[in-house]
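S.K.: Before we start, here is the structure in question, set down as C-alpha cells.
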Amino acid sequence: MLGYIPALPFLGFLVLSLGGRVLPRSAAAVIGVGTVVVAALLTMVVGIRWLQVPPVPGEYNLLLWNWFTTGDLSVAFRLRVDALTLVFVFIITFVGALIHIYSTAYMKHDRDHARFFACMNLFVGAMLLLVMADNLVLLYLGWEGVGLCSYLLIGFWYEMPANCSAANKAFLVTRIGDTAMLIGLFLLYRQLGTFDIQTILQRSPHQFLRGANDITLIAFLLLAGGMGKSAQIPLQTWLPDAMAGPSPVSALIHAATMVTAGVYLIARMHVLFLLSPQAMAATALIGGITLFVAGCSAMVQTDIKRVLAYSTISQIGYMFLALGLGAWGAAIFHFFTHAFFKALLFLAAGAVIESLHHEQDIFRMGGLRRRLPLVFYTFLAGAAALAALPFVSAGFYSKDPILWYAYSARGGSVFLYLLSLAGAGLTAFYSTRLVVVVFGGEQRTPVTEKPGKVMTIALVILAVLAVTAGFIEWPRGLFSRFLEGVLPAPVLKDGLPSEGLFQLIAVAVTLLGIYSGYVLYRRRQEVLLRWRQSARIRAVRLFFLNGWGFDALYRTLFVRPFLFISGINKPDWLDWLNKGVVRASLTLSSLLSVSQNGSLRWYIAGVLIGVLFIITLQFFL
Amino acid sequence: MTPIGANTVLVVAAALFVLGLAAALTRKNIIFILIAVEVMLNASGLAFVAAGAKWHQPDGQVMFLFILAMAAAEISVGLALVLQIYHQHKTLDVEDLKELSD
C-alpha cells in the first residue's frame with residue numbers, strides 16, 4: 001500500500017499530460033484531485049495503523065525494484081517510512097489534497113487546466129519520492145523533480161516575460177544549492193561507499209572524527225543544498241519572485257513541498273550535522289539571520305503575496321535555527337504547524353485576489369471584513385498562527401520552543417535569542433498590518449465575485465487546523481514523543497533560568513508587535529504619514545522593500561560580469577575550432593567533386609588508373 | 001599438332017583485354033561499350049582457362065563458369081538500363097548523358 005502513495009500522483013501526472021487535450025475539463029479535475037486525495041486517505045490509513053500497532057524497528061520498508069547496478073554500486077528503488085517521513089508524507093498529501101481541491105475552483109476558467117493539474121500532481125509525487133526515498137540517489141531524483149515542477153508552475157502563465165524570468169531565477173538559484181549538494185553526496189559516497197541513508201547514518205560516527213575537515217565539508221555542502229531549496233540567505237532571492245505563479249502553486253511551494261525539502265534533508269542527515277559542530281553553528285546562524293532579514297522585508301512589502309513569501313522565508317529561518325541548535329523535533333513541529341497556516345494564508349490571499357479581480361496591492365484592498373467575512377475569519381486564524389498569538393494558535397506552540405532553545409540549547413546564544421525574539425516581534429507586526437490593511441478600514445476596490453463553496457471548504461478545514469494543530473504538543477508533548485526514535489532530543493546548557501520567564505518575554509514581544517501594528521495602521525495613521533516624510537526612513541523602507549539589496553548585489557556581482565563575458569564571446573571564439581573543421585572538409589569535398597563530371601569515359605579511366613596503381617604497388621611491397 | 005603454350009594464350013588474352021579496354025574508352029554508343037566490357041570479361045576468362053590448364057587445376061574452368069554467369073546477369077541489367085535511357089533521352093551517346101555530374 002505504501003507504494004501507491006507516491007505512485008498515484010505520478011499516475012495522475014501521466015494521464016493528464018498524455019491525455020490532457022482529449023479529456024473533458026471535469027475529468028481532468030477529477031483525476032488531478034482524485035489521485036492526491038486518495039494518496040492522502042492512504043496516508044491516513046497508514047498513520048492510523050502505525051498509531052495502533054507501532055512497527056517494531058520503527059519503520060515500514062518497501063523494496064519496489066532494483067533501479068540500476070554498475071560495478072560495486074547498486075541502487076534500489078526502495079521506499080522507507082519512519083516517524084519523520086510519516087509527518088512529511090501526511091503534510092504533503094493532506095495539505096496538498098486541500099490545495100488541489102481549492103484549485104479546481106481557482107483554476108476553473110484557465111485555458112491550461114489539465115496542464116496545471118498535471119504539474120501539481122508531479123510536484124506532489126516528486127516531493128513524496130524525496131521524503132520516502134531510502135537512498136540518496138532516489139532522494140536526489142525527487143529533489144530535482146521538485147525543482148523542475150517549481151520551474152514549470154512558477155512560469156505557468158508563460159506568456160508574460162516576467163513570469164518566465166521568475167521561473168528561470170527560481171530554477172537557477174536553487175540549482176546552485178543542488179550542485180553543492182550533489183558534490184556532497186559524491187564525497188559521502190567516496191568516504192562510505194554507499195548511498196543508503198540508514199547505512200550512512202550508522203557508519204558515519206565510526207568513519208568520521210567529530211569536527212574533522214571531511215565531515216564538515218560534507219555537512220556544509222548538504223547545508224548549501226538545503227539553503228537553495230529552502231530559500232535561506234544567501235540563496236533566498238528566488239522565493240519572492242516565485243509569486244508569479246498562481247496562488248495555489250504558491251501555497252503548495254510554501255506549505256507542503258519544495259521549501260521544506262531543505263529542512264527535511266538536514267533533519268534526515270542529522271547524524272552528519274551532529275558530527276560537525278561548525279556546520280550546526282552555521283545552520284543556526286543562517287537561520288537566525290534569515291528570519292530577521294526576511295522579517296524586516298515582509299514588514300514593508302505592499303504586494304500581499306510578497307508579504308507572505310517573505311514571511312515564509314522568515315519561518316523557514318526559524319526551522320533552520322532550530323535544526324542548527326539540535327532541536328530537531330522543534331523544527332519539524334514548526335514545519336508541521338507552518339504548513340497549515342501558510343497554506344491557509346496563501347489560499348485565503350488567493351480568494352481575496354480573485355474576488356478583487358487580480359488586485360494584489362494591499363493598500364488598494366481594505367474593508368473586506370464585511371464583504372468577505374468567511375475569508376476574513378479564516379485569514380485571521382492563519383495570521384494569528386503566523387504571529388504566534390499566545391495560547392489560541394498553532395504557531396505559538398511551535399515557535400515558542402524554538403525561542404527557548406535559541407538561548408538554552410548547547411549551541412544557543414544571547415545573539416541568536418535576540419534575533420529570534422526580534423523576528424517574533426516583526427512577524428506579529430506584519431501579520432497584524434496585513435490583516436488590518438486588507439480587511440479593515442474603507443473599501444477601495446469593489447468585490448466582483450465571492451469565493452465559491454469549494455474554496456471555502458478548504459479554507460475552513462485549514463483554519464481549524466491552524467488553530468488546533470498546536471495542541472497535540474501541549475501539554476504532554478505527543479508530537480516530540482512520536483519523533484523520539486528518529487531524532488535525538490536537544491542538549492541543553494547547565495544552570496538555566498526557568499522556561500516560563502522566556503515564554504513570558506516571547507508573549508510580551510508578540511503582543512507588542514501586534515499592538516504596534518494595530519496602532520500604526522489603524523488608530524494613528526498620521527504617525528505613519530509623518531514617518532514617510534523623513535528621507536532616512538524612506539531610504540530604509542526602500543532597502544527593506546528590495547529585500548536588503550540582495551538582488552542588486554547579485555546583479556552586479558554575477559549577472560553583469562556574466563553578461564559582459566558573454567558579450568565578449570558573442571562571435572563565439574571557441575566555435576571557430578568547430579567551424580574550421582567544417583570549412584576544411586567542405587574545401588576537400590569541393591576539390592574531390594571536380595572529378596565527378598558525369599563522363600563515363602572519365603570514370604572508366606579512373607578505375608583503370610586505380611587498378612594499375614594497385615598492381616604496381618604489388619611489386620614494391 | 002603441337003600444343004599451344006600457356007604464355008601464348010596469356011598474350012592473346014592480354015591483347016583481347018586491351019582491345020576491349022580501348023573500345024570501352026573510345027566508343028560513344030553505350031551498346032558498344034557494353035560489348036567492349038563483354039570482350040574484356042572473356043579475355044579474363046581465357047586467361048583463367050589457360051592458367052588452369054598450365055597448372056592442371058580445375059579452378060580456372062570453374063572461374064570461367066562464374067564469369068559466364070556474371071556476364072549474363074550484367075548484360076541483362078545493362079540492356080534494361082539502356083532501354084530505359086533510350087526511352088527517356090532518345091539517345092545512347094555517352095557524351096550527351098552527363099546528368100550525374102556534380
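Here's how to read the names in the C-alpha cells: chain A, B, ... by the order shown, residue numbers from 1 in each chain, ligand numbers from 1 in the order shown.
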Using only C-alpha atoms, tabulate the residues of chain A lying at most 12 Å from any atom of chain B, each with its closest atom pair and that distance in Å to one decimal, by chain and increasing residue number, as a tab-separated table.

M.R.:
```
residue	atom	partner	partner_atom	distance
A:Ser589	CA	B:Asp102	CA	11.1
A:Ser590	CA	B:Asp102	CA	9.4
A:Leu591	CA	B:Asp102	CA	11.2
A:Leu592	CA	B:Asp102	CA	10.0
A:Ser593	CA	B:Asp102	CA	6.3
A:Val594	CA	B:Asp102	CA	7.2
A:Ser595	CA	B:Asp102	CA	8.4
A:Gln596	CA	B:Ser101	CA	5.4
A:Asn597	CA	B:Ser101	CA	4.2
A:Gly598	CA	B:Ser101	CA	3.9
A:Ser599	CA	B:Lys98	CA	6.0
A:Leu600	CA	B:Val94	CA	6.7
A:Arg601	CA	B:Leu25	CA	5.4
A:Trp602	CA	B:Leu25	CA	8.3
A:Tyr603	CA	B:Leu25	CA	9.5
A:Ile604	CA	B:Leu25	CA	6.9
A:Ala605	CA	B:Leu25	CA	7.3
A:Gly606	CA	B:Leu25	CA	10.9
A:Val607	CA	B:Leu21	CA	11.2
A:Leu608	CA	B:Leu21	CA	8.9
```

S.K.: Can you work out which one of A:Phe273, A:Phe502, A:Trp328, A:Phe13 has the shortest atom-to-atom distance to Ala118 (chain A), counting only C-alpha atoms?

M.R.: A:Phe13

S.K.: Pick out the residues sitting within 10 Å of Ala466 (chain A), and hand them over as a ChimeraX atom specification; count only C-alpha atoms, and ignore anything fewer than 4 positions along from it in its own chain.

M.R.: /A:336-345,378,381-386,392-395,460-462,470

S.K.: Residues near Val375 (chain A), anyone? I mean within 9 Å using only C-alpha atoms, not counting same-chain ones fewer than 4 positions away, as a PDB file with all heavy atoms, in the first residue's frame.

M.R.:
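Once everything was written out, this is around-v1.pdb:
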```pdb
ATOM      1  N   ALA A 348      -6.271  31.870   1.241  1.00  0.00           N
ATOM      2  CA  ALA A 348      -7.162  32.992   1.543  1.00  0.00           C
ATOM      3  C   ALA A 348      -6.747  34.217   0.731  1.00  0.00           C
ATOM      4  O   ALA A 348      -7.601  34.936   0.183  1.00  0.00           O
ATOM      5  CB  ALA A 348      -7.120  33.300   3.037  1.00  0.00           C
ATOM      6  N   ALA A 349      -5.422  34.439   0.613  1.00  0.00           N
ATOM      7  CA  ALA A 349      -4.953  35.557  -0.203  1.00  0.00           C
ATOM      8  C   ALA A 349      -5.397  35.363  -1.647  1.00  0.00           C
ATOM      9  O   ALA A 349      -5.793  36.321  -2.325  1.00  0.00           O
ATOM     10  CB  ALA A 349      -3.440  35.667  -0.119  1.00  0.00           C
ATOM     11  N   ALA A 351      -8.069  33.831  -2.621  1.00  0.00           N
ATOM     12  CA  ALA A 351      -9.502  34.142  -2.683  1.00  0.00           C
ATOM     13  C   ALA A 351      -9.718  35.653  -2.733  1.00  0.00           C
ATOM     14  O   ALA A 351     -10.563  36.152  -3.494  1.00  0.00           O
ATOM     15  CB  ALA A 351     -10.214  33.546  -1.473  1.00  0.00           C
ATOM     16  N   VAL A 352      -8.921  36.388  -1.928  1.00  0.00           N
ATOM     17  CA  VAL A 352      -9.043  37.845  -1.934  1.00  0.00           C
ATOM     18  C   VAL A 352      -8.674  38.397  -3.310  1.00  0.00           C
ATOM     19  O   VAL A 352      -9.400  39.210  -3.896  1.00  0.00           O
ATOM     20  CB  VAL A 352      -8.136  38.453  -0.844  1.00  0.00           C
ATOM     21  CG1 VAL A 352      -8.043  39.954  -1.017  1.00  0.00           C
ATOM     22  CG2 VAL A 352      -8.660  38.104   0.526  1.00  0.00           C
ATOM     23  N   LEU A 368     -12.498  44.588   3.607  1.00  0.00           N
ATOM     24  CA  LEU A 368     -13.068  43.330   3.122  1.00  0.00           C
ATOM     25  C   LEU A 368     -13.707  42.520   4.245  1.00  0.00           C
ATOM     26  O   LEU A 368     -14.274  41.461   3.999  1.00  0.00           O
ATOM     27  CB  LEU A 368     -11.977  42.504   2.444  1.00  0.00           C
ATOM     28  CG  LEU A 368     -11.429  43.120   1.163  1.00  0.00           C
ATOM     29  CD1 LEU A 368     -10.287  42.286   0.625  1.00  0.00           C
ATOM     30  CD2 LEU A 368     -12.527  43.222   0.124  1.00  0.00           C
ATOM     31  N   ARG A 369     -13.605  43.012   5.488  1.00  0.00           N
ATOM     32  CA  ARG A 369     -14.128  42.236   6.607  1.00  0.00           C
ATOM     33  C   ARG A 369     -15.621  41.998   6.437  1.00  0.00           C
ATOM     34  O   ARG A 369     -16.127  40.912   6.689  1.00  0.00           O
ATOM     35  CB  ARG A 369     -13.872  42.977   7.914  1.00  0.00           C
ATOM     36  CG  ARG A 369     -14.271  42.205   9.148  1.00  0.00           C
ATOM     37  CD  ARG A 369     -13.588  42.796  10.355  1.00  0.00           C
ATOM     38  NE  ARG A 369     -14.096  44.128  10.633  1.00  0.00           N
ATOM     39  CZ  ARG A 369     -15.076  44.381  11.507  1.00  0.00           C
ATOM     40  NH1 ARG A 369     -15.644  43.388  12.147  1.00  0.00           N
ATOM     41  NH2 ARG A 369     -15.487  45.597  11.720  1.00  0.00           N
ATOM     42  N   PHE A 379      -8.570  33.940   7.336  1.00  0.00           N
ATOM     43  CA  PHE A 379      -7.288  34.633   7.215  1.00  0.00           C
ATOM     44  C   PHE A 379      -6.805  35.058   8.597  1.00  0.00           C
ATOM     45  O   PHE A 379      -5.617  34.969   8.909  1.00  0.00           O
ATOM     46  CB  PHE A 379      -7.439  35.862   6.309  1.00  0.00           C
ATOM     47  CG  PHE A 379      -6.135  36.423   5.820  1.00  0.00           C
ATOM     48  CD1 PHE A 379      -5.595  35.999   4.617  1.00  0.00           C
ATOM     49  CD2 PHE A 379      -5.448  37.362   6.548  1.00  0.00           C
ATOM     50  CE1 PHE A 379      -4.389  36.508   4.167  1.00  0.00           C
ATOM     51  CE2 PHE A 379      -4.236  37.876   6.100  1.00  0.00           C
ATOM     52  CZ  PHE A 379      -3.713  37.445   4.907  1.00  0.00           C
ATOM     53  N   LEU A 380      -7.749  35.506   9.418  1.00  0.00           N
ATOM     54  CA  LEU A 380      -7.395  35.929  10.772  1.00  0.00           C
ATOM     55  C   LEU A 380      -6.789  34.756  11.545  1.00  0.00           C
ATOM     56  O   LEU A 380      -5.777  34.915  12.237  1.00  0.00           O
ATOM     57  CB  LEU A 380      -8.638  36.446  11.489  1.00  0.00           C
ATOM     58  CG  LEU A 380      -8.391  37.133  12.825  1.00  0.00           C
ATOM     59  CD1 LEU A 380      -7.608  38.405  12.612  1.00  0.00           C
ATOM     60  CD2 LEU A 380      -9.715  37.433  13.514  1.00  0.00           C
ATOM     61  N   PRO A 451     -15.848  34.025  -3.311  1.00  0.00           N
ATOM     62  CA  PRO A 451     -15.348  32.655  -3.464  1.00  0.00           C
ATOM     63  C   PRO A 451     -16.453  31.637  -3.285  1.00  0.00           C
ATOM     64  O   PRO A 451     -17.358  31.810  -2.468  1.00  0.00           O
ATOM     65  CB  PRO A 451     -14.299  32.540  -2.357  1.00  0.00           C
ATOM     66  CG  PRO A 451     -14.583  33.643  -1.411  1.00  0.00           C
ATOM     67  CD  PRO A 451     -15.214  34.728  -2.210  1.00  0.00           C
ATOM     68  N   THR A 456     -14.172  27.653   0.036  1.00  0.00           N
ATOM     69  CA  THR A 456     -14.348  27.891   1.464  1.00  0.00           C
ATOM     70  C   THR A 456     -14.167  26.613   2.278  1.00  0.00           C
ATOM     71  O   THR A 456     -13.673  26.673   3.400  1.00  0.00           O
ATOM     72  CB  THR A 456     -15.736  28.481   1.746  1.00  0.00           C
ATOM     73  OG1 THR A 456     -16.694  27.689   1.077  1.00  0.00           O
ATOM     74  CG2 THR A 456     -15.832  29.897   1.283  1.00  0.00           C
ATOM     75  N   LEU A 459     -10.582  26.326   2.954  1.00  0.00           N
ATOM     76  CA  LEU A 459     -10.162  27.371   3.884  1.00  0.00           C
ATOM     77  C   LEU A 459     -10.571  27.028   5.310  1.00  0.00           C
ATOM     78  O   LEU A 459      -9.787  27.179   6.248  1.00  0.00           O
ATOM     79  CB  LEU A 459     -10.779  28.713   3.479  1.00  0.00           C
ATOM     80  CG  LEU A 459     -10.212  29.365   2.227  1.00  0.00           C
ATOM     81  CD1 LEU A 459     -10.938  30.663   1.941  1.00  0.00           C
ATOM     82  CD2 LEU A 459      -8.742  29.637   2.381  1.00  0.00           C
ATOM     83  N   VAL A 460     -11.792  26.546   5.451  1.00  0.00           N
ATOM     84  CA  VAL A 460     -12.282  26.285   6.812  1.00  0.00           C
ATOM     85  C   VAL A 460     -11.503  25.146   7.455  1.00  0.00           C
ATOM     86  O   VAL A 460     -11.078  25.237   8.617  1.00  0.00           O
ATOM     87  CB  VAL A 460     -13.794  25.977   6.778  1.00  0.00           C
ATOM     88  CG1 VAL A 460     -14.252  25.433   8.115  1.00  0.00           C
ATOM     89  CG2 VAL A 460     -14.562  27.231   6.419  1.00  0.00           C
TER      90      VAL A 460
END
```
